[in-house]
Amino acid sequence: MPKKKAYLIHATDKSLVISEQPPFPFPVLGITTVAALFPEEEWEVTVVDEDVEPVDLDAEADLVGISTLTMNSPHAYELADHFRSRWVPVVMGGLHVTYEPEEALKHCDSVVMGEAEGVMPRLLADFAEGVLKMTYLSPNQPPHFGRPYARRELLRRHHHRYLFAIQATRGCPHKCEYCSVPLFFGYQYRPRPVQEVVDEIKEVSDSYSRLNVFFVDDNIGATPQYAKELFRALIPLKIHWASFASLKMAEDPELLDMAAKSGCRQLFIGFESLEQSNLDKAGKSWVRAEKFTQHVRAIHQAGIIVQGAFIFGHDGDTKDIFRRTVEFVQKSGMEIPVFVILTPYPGTLLRRRLNKEGRLLPGDGWRNYDGNHVLFRPALMAPEELQEGYFWAKKYCCAPRSIFSRLSRSPLKHFPLALVLNFSMWRSKMRQIKTMWKGPLLAPEKW
Ligand code: B12
Ligand code: SF4
């Protein structure tokens, strides 16, 4: 019997102007993980990441699968409408459609709510029998994920030449108000067996000369015991790696040291706000603002670059928050600051609260859910002030002078990589500010 054809798309709306864009494409893990769940003996699978290649609208397919983030969803729906107009059944999955299944079902035949591992075998069996259901709810967070390995080879070669994406843990026990992850992936950490993670890296490292690994885990050091075991096992692989982590990791010198020894070059860490009251309200009281400087120093001492994320627009933010945050960032010597505007993503406690308080702004729809748009009425500022302050802070910190001044306060050995990373994002940040903000951009104290 000829194999059935699945055409899987990681939808990316190329008309959006995104900042913080790395200079090379990210080897997406969601859709390649879904691809691996199609039995190879029955299915011929094509994967398209729109970030690097266009969708073939005439592609021959028995089934189309689409993965989308919130900001890309209007575009993803257009793709779904197109394939359905050709009578090709469309299945959608990912965080956005999980939280907005009714909206998605106006454009597709079936929505997978939650992790694909829990439901794909059932879905494919139903498809074979011609009885595809409208929704498939992942029963619980499946205890096992990561096997079979994501089918990275289906991405374009240059797509994964620079980075190898992998996931060691899923889930998070915290309840940060603005985050859509725990509800989706569960409030419990689910680590994969360390040996399996190592085997997966080894399997591909045979085919790549030098491996830069990106762990897409939300918090790689969350369970120190597991993390230490993992880091110990990574040492012989001689890889370089980066991941997301919380500031808890900065309080464990042994963990930091092992991370560094195992090849950790860079950690993306949510500082979120200089105001403790904001952290408390966001459900992050376990992060202490007064320790930020100490934490940056500890991570630097271990030899790891800090990419620190701050969110503007918390209820306790007044317009001096922009200047204060910029001053802290510059003084701390953290190599790469990332600023975003508080965004009420679907599935977050924040969205529920702002909705209840009648503070959500009508806006232009999901396309603006990229962390660069003000989508609600801030408590102590006008929406325009939040927008301008955000751009001002971003522009200030990505100016070449600020980059050099910041890096002069960070360890010398970080300088070359940190310089490249800063300048590689400079263009996309500036392009975005210029596109979105017409007119002069004033420092908050001059408003
Ligand atoms: C790694 C990562 C990044 C990387 C790479 C992004 C990429 N293109 O892959 C970088 C750092 C570049 C990044 C950037 C951004 N990110 Co990001 N990122 C993540 C992170 C931590 C992991 C993603 C991942 O690989 N997960 C592992 C895979 C296996 O899971 P998955 O994709 O969800 O897929 C599973 C299911 O969803 C489902 N599924 C998914 N698609 C489909 C399709 C079908 C057909 C089916 C059946 C099933 C299915 O099955 C899969 C297996 O179970 C997530 C948080 C998280 N834990 O998911 C945030 C997350 C996806 N990012 C988010 C955001 C907001 C962004 C940015 C907009 C941030 C910004 N302000 O710039 C940008 C957007 C960049 C872009 N152009 O896409 C949000 C999205 C919220 C939303 N509702 O849209 C998340 C959820 C973080 C959060 N805390 O809210 N990100
Ligand atoms: S922001 Fe990080 S720590 Fe907070 S709930 Fe989300 S994944 Fe967990």
# chains A, B, ... in the order shown; residues from 1 in each chain; ligands from 1
$ residues_near_ligand --ligand "ligand 2" --cutoff "6 Å" --atoms "only C-alpha atoms and all ligand atoms" --output "list of chain:residue names"
A:Cys172, A:His174, A:Lys175, A:Cys176, A:Cys179, A:Val181, A:Pro182, A:Asp218
$ select_by_dssp --residues "range 245-278 of chain A" --states "strand (DSSP E)" --output "ChimeraX atom specification"
/A:245,264-272
$ write_last_selection --atoms "C-alpha atoms" --output "short mmCIF file (atom, residue, chain, number, x, y, z; two decimals), in the first residue's frame"
data_model
loop_
_atom_site.label_atom_id
_atom_site.label_comp_id
_atom_site.auth_asym_id
_atom_site.auth_seq_id
_atom_site.Cartn_x
_atom_site.Cartn_y
_atom_site.Cartn_z
CA ALA A 245 16.58 28.90 34.17
CA CYS A 264 26.70 25.82 29.80
CA ARG A 265 27.60 29.10 28.11
CA GLN A 266 24.42 31.07 28.58
CA LEU A 267 21.28 31.09 30.71
CA PHE A 268 18.08 32.94 29.87
CA ILE A 269 16.67 34.04 33.21
CA GLY A 270 13.42 35.77 34.11
CA PHE A 271 14.17 38.64 36.51
CA GLU A 272 10.77 40.08 35.54
#
$ residues_near_ligand --ligand "ligand 1" --cutoff "7 Å" --atoms "only C-alpha atoms and all ligand atoms" --output "number ranges by chain"
A: 8, 12, 18-22, 26-31, 33-34, 65-71, 91-96, 112, 114-117, 120, 167, 170, 179-181, 216-218, 340, 345-346, 370-372
$ closest_residue --among "A:Leu350, A:Leu442, A:Val197, A:Met425" --to "Tyr396 in chain A" --atoms "only C-alpha atoms"
A:Leu442
$ residues_around --residues "Asp51 in chain A" --least-positions-apart "3" --cutoff "9 Å" --atoms "only C-alpha atoms" --output "PDB file with N, CA, C and O atoms, in the first residue's frame"
ATOM      1  N   HIS A  10       5.037  24.459  10.755  1.00  0.00           N
ATOM      2  CA  HIS A  10       5.244  25.350  11.901  1.00  0.00           C
ATOM      3  C   HIS A  10       4.922  26.745  11.361  1.00  0.00           C
ATOM      4  O   HIS A  10       5.716  27.346  10.635  1.00  0.00           O
ATOM      5  N   ALA A  11       3.718  27.233  11.675  1.00  0.00           N
ATOM      6  CA  ALA A  11       3.243  28.481  11.052  1.00  0.00           C
ATOM      7  C   ALA A  11       3.977  29.695  11.612  1.00  0.00           C
ATOM      8  O   ALA A  11       4.102  29.849  12.832  1.00  0.00           O
ATOM      9  N   THR A  12       4.473  30.524  10.738  1.00  0.00           N
ATOM     10  CA  THR A  12       5.145  31.763  11.140  1.00  0.00           C
ATOM     11  C   THR A  12       4.680  32.868  10.207  1.00  0.00           C
ATOM     12  O   THR A  12       4.838  32.751   8.992  1.00  0.00           O
ATOM     13  N   ASP A  13       4.109  33.898  10.786  1.00  0.00           N
ATOM     14  CA  ASP A  13       3.633  35.010   9.976  1.00  0.00           C
ATOM     15  C   ASP A  13       4.807  35.937   9.670  1.00  0.00           C
ATOM     16  O   ASP A  13       5.251  36.691  10.534  1.00  0.00           O
ATOM     17  N   LYS A  14       5.299  35.877   8.454  1.00  0.00           N
ATOM     18  CA  LYS A  14       6.510  36.641   8.107  1.00  0.00           C
ATOM     19  C   LYS A  14       6.232  38.136   7.990  1.00  0.00           C
ATOM     20  O   LYS A  14       7.160  38.923   7.864  1.00  0.00           O
ATOM     21  N   PRO A  25      17.940  30.514  12.026  1.00  0.00           N
ATOM     22  CA  PRO A  25      16.642  29.945  12.384  1.00  0.00           C
ATOM     23  C   PRO A  25      16.739  28.978  13.552  1.00  0.00           C
ATOM     24  O   PRO A  25      17.749  28.283  13.698  1.00  0.00           O
ATOM     25  N   PHE A  26      15.713  28.973  14.375  1.00  0.00           N
ATOM     26  CA  PHE A  26      15.695  28.067  15.522  1.00  0.00           C
ATOM     27  C   PHE A  26      15.173  26.701  15.068  1.00  0.00           C
ATOM     28  O   PHE A  26      14.155  26.620  14.401  1.00  0.00           O
ATOM     29  N   VAL A  48       7.516  21.663   7.324  1.00  0.00           N
ATOM     30  CA  VAL A  48       7.872  22.985   6.805  1.00  0.00           C
ATOM     31  C   VAL A  48       7.893  23.981   7.950  1.00  0.00           C
ATOM     32  O   VAL A  48       6.891  24.134   8.660  1.00  0.00           O
ATOM     33  N   PRO A  54       8.769  28.797   2.433  1.00  0.00           N
ATOM     34  CA  PRO A  54       7.327  29.000   2.288  1.00  0.00           C
ATOM     35  C   PRO A  54       6.559  27.684   2.246  1.00  0.00           C
ATOM     36  O   PRO A  54       7.108  26.644   1.874  1.00  0.00           O
TER      37      PRO A  54
END
$ closest_residue --among "A:Pro101, A:Pro2, A:Pro440, A:Pro23" --to "Trp43 in chain A" --atoms "only C-alpha atoms"
A:Pro2
$ residues_around --residues "range 359-367 of chain A" --least-positions-apart "4" --cutoff "8 Å" --atoms "only C-alpha atoms" --output "ChimeraX atom specification"
/A:16,70-74,354-355,375-378
$ write_last_selection --atoms "all heavy atoms" --output "mmCIF file, in the first residue's frame"
data_model
loop_
_atom_site.group_PDB
_atom_site.id
_atom_site.type_symbol
_atom_site.label_atom_id
_atom_site.label_comp_id
_atom_site.auth_asym_id
_atom_site.auth_seq_id
_atom_site.Cartn_x
_atom_site.Cartn_y
_atom_site.Cartn_z
ATOM 1 N N LEU A 16 4.982 39.832 10.369
ATOM 2 C CA LEU A 16 5.168 40.419 11.702
ATOM 3 C C LEU A 16 6.611 40.871 11.864
ATOM 4 O O LEU A 16 7.531 40.214 11.358
ATOM 5 C CB LEU A 16 4.847 39.397 12.794
ATOM 6 C CG LEU A 16 3.426 38.833 12.823
ATOM 7 C CD1 LEU A 16 3.291 37.795 13.924
ATOM 8 C CD2 LEU A 16 2.418 39.953 13.045
ATOM 9 N N THR A 70 0.338 32.084 19.563
ATOM 10 C CA THR A 70 -0.797 33.006 19.487
ATOM 11 C C THR A 70 -0.616 34.058 18.390
ATOM 12 O O THR A 70 -1.506 34.273 17.576
ATOM 13 C CB THR A 70 -0.978 33.690 20.864
ATOM 14 O OG1 THR A 70 -1.287 32.669 21.816
ATOM 15 C CG2 THR A 70 -2.101 34.701 20.841
ATOM 16 N N MET A 71 0.565 34.680 18.340
ATOM 17 C CA MET A 71 0.736 35.791 17.387
ATOM 18 C C MET A 71 0.655 35.320 15.925
ATOM 19 O O MET A 71 0.347 36.099 15.033
ATOM 20 C CB MET A 71 2.065 36.502 17.641
ATOM 21 C CG MET A 71 3.258 35.641 17.363
ATOM 22 S SD MET A 71 4.762 36.551 17.725
ATOM 23 C CE MET A 71 5.973 35.345 17.227
ATOM 24 N N ASN A 72 0.949 34.059 15.707
ATOM 25 C CA ASN A 72 0.902 33.529 14.338
ATOM 26 C C ASN A 72 -0.451 32.916 13.989
ATOM 27 O O ASN A 72 -0.647 32.454 12.859
ATOM 28 C CB ASN A 72 1.980 32.455 14.152
ATOM 29 C CG ASN A 72 3.374 33.031 14.247
ATOM 30 O OD1 ASN A 72 3.658 34.076 13.662
ATOM 31 N ND2 ASN A 72 4.256 32.377 14.987
ATOM 32 N N SER A 73 -1.387 32.899 14.955
ATOM 33 C CA SER A 73 -2.615 32.122 14.729
ATOM 34 C C SER A 73 -3.486 32.663 13.583
ATOM 35 O O SER A 73 -4.017 31.850 12.819
ATOM 36 C CB SER A 73 -3.411 31.966 16.028
ATOM 37 O OG SER A 73 -3.767 33.218 16.544
ATOM 38 N N PRO A 74 -3.634 34.001 13.407
ATOM 39 C CA PRO A 74 -4.462 34.429 12.266
ATOM 40 C C PRO A 74 -3.910 33.904 10.941
ATOM 41 O O PRO A 74 -4.663 33.461 10.073
ATOM 42 C CB PRO A 74 -4.387 35.965 12.331
ATOM 43 C CG PRO A 74 -4.088 36.266 13.755
ATOM 44 C CD PRO A 74 -3.192 35.160 14.224
ATOM 45 N N LEU A 354 -7.319 40.311 34.157
ATOM 46 C CA LEU A 354 -7.516 41.574 33.435
ATOM 47 C C LEU A 354 -8.889 41.620 32.773
ATOM 48 O O LEU A 354 -9.530 42.670 32.689
ATOM 49 C CB LEU A 354 -6.411 41.768 32.394
ATOM 50 C CG LEU A 354 -5.003 42.006 32.958
ATOM 51 C CD1 LEU A 354 -3.979 42.086 31.836
ATOM 52 C CD2 LEU A 354 -4.952 43.286 33.795
ATOM 53 N N ASN A 355 -9.327 40.476 32.331
ATOM 54 C CA ASN A 355 -10.655 40.383 31.716
ATOM 55 C C ASN A 355 -11.725 40.729 32.753
ATOM 56 O O ASN A 355 -12.619 41.530 32.504
ATOM 57 C CB ASN A 355 -10.838 38.955 31.179
ATOM 58 C CG ASN A 355 -11.974 38.881 30.194
ATOM 59 O OD1 ASN A 355 -12.457 39.903 29.712
ATOM 60 N ND2 ASN A 355 -12.430 37.679 29.916
ATOM 61 N N LEU A 375 -1.590 45.644 25.467
ATOM 62 C CA LEU A 375 -2.884 45.018 25.150
ATOM 63 C C LEU A 375 -3.883 45.146 26.291
ATOM 64 O O LEU A 375 -4.930 44.517 26.298
ATOM 65 C CB LEU A 375 -2.652 43.538 24.819
ATOM 66 C CG LEU A 375 -1.724 43.311 23.618
ATOM 67 C CD1 LEU A 375 -1.157 41.910 23.622
ATOM 68 C CD2 LEU A 375 -2.458 43.573 22.322
ATOM 69 N N PHE A 376 -3.505 45.933 27.308
ATOM 70 C CA PHE A 376 -4.406 46.138 28.452
ATOM 71 C C PHE A 376 -4.120 47.517 29.024
ATOM 72 O O PHE A 376 -3.112 48.147 28.696
ATOM 73 C CB PHE A 376 -4.159 45.050 29.506
ATOM 74 C CG PHE A 376 -2.797 45.165 30.139
ATOM 75 C CD1 PHE A 376 -2.631 45.801 31.357
ATOM 76 C CD2 PHE A 376 -1.664 44.671 29.505
ATOM 77 C CE1 PHE A 376 -1.370 45.937 31.924
ATOM 78 C CE2 PHE A 376 -0.413 44.799 30.065
ATOM 79 C CZ PHE A 376 -0.260 45.438 31.281
ATOM 80 N N ARG A 377 -5.040 47.973 29.861
ATOM 81 C CA ARG A 377 -4.845 49.284 30.488
ATOM 82 C C ARG A 377 -3.956 49.113 31.712
ATOM 83 O O ARG A 377 -4.351 48.448 32.684
ATOM 84 C CB ARG A 377 -6.211 49.845 30.920
ATOM 85 C CG ARG A 377 -6.482 51.258 30.403
ATOM 86 C CD ARG A 377 -7.827 51.777 30.868
ATOM 87 N NE ARG A 377 -8.904 50.808 30.686
ATOM 88 C CZ ARG A 377 -9.547 50.572 29.561
ATOM 89 N NH1 ARG A 377 -9.262 51.228 28.527
ATOM 90 N NH2 ARG A 377 -10.495 49.677 29.476
ATOM 91 N N PRO A 378 -2.744 49.686 31.690
ATOM 92 C CA PRO A 378 -1.868 49.548 32.865
ATOM 93 C C PRO A 378 -2.469 50.276 34.068
ATOM 94 O O PRO A 378 -3.279 51.193 33.894
ATOM 95 C CB PRO A 378 -0.567 50.228 32.421
ATOM 96 C CG PRO A 378 -0.679 50.458 30.962
ATOM 97 C CD PRO A 378 -2.134 50.477 30.615
#
$ select_by_dssp --residues "range 221-340 of chain A" --states "helix (DSSP H, G or I)" --output "ChimeraX atom specification"
/A:224-237,247-251,253-261,276-281,289-301,320-332
$ closest_residue --among "A:Glu103, A:Asp49, A:Glu229, A:Glu384" --to "Ala259 in chain A" --atoms "only C-alpha atoms"
A:Glu229
$ residues_around --residues "Met258 in chain A" --least-positions-apart "2" --cutoff "7 Å" --atoms "only C-alpha atoms" --output "VMD selection string"
chain A and resid 228 231 to 232 254 to 256 260 to 262
$ atom_distance --atom1 "CA of Phe339 in chain A" --atom2 "CA of Thr223 in chain A"
26.9 Å
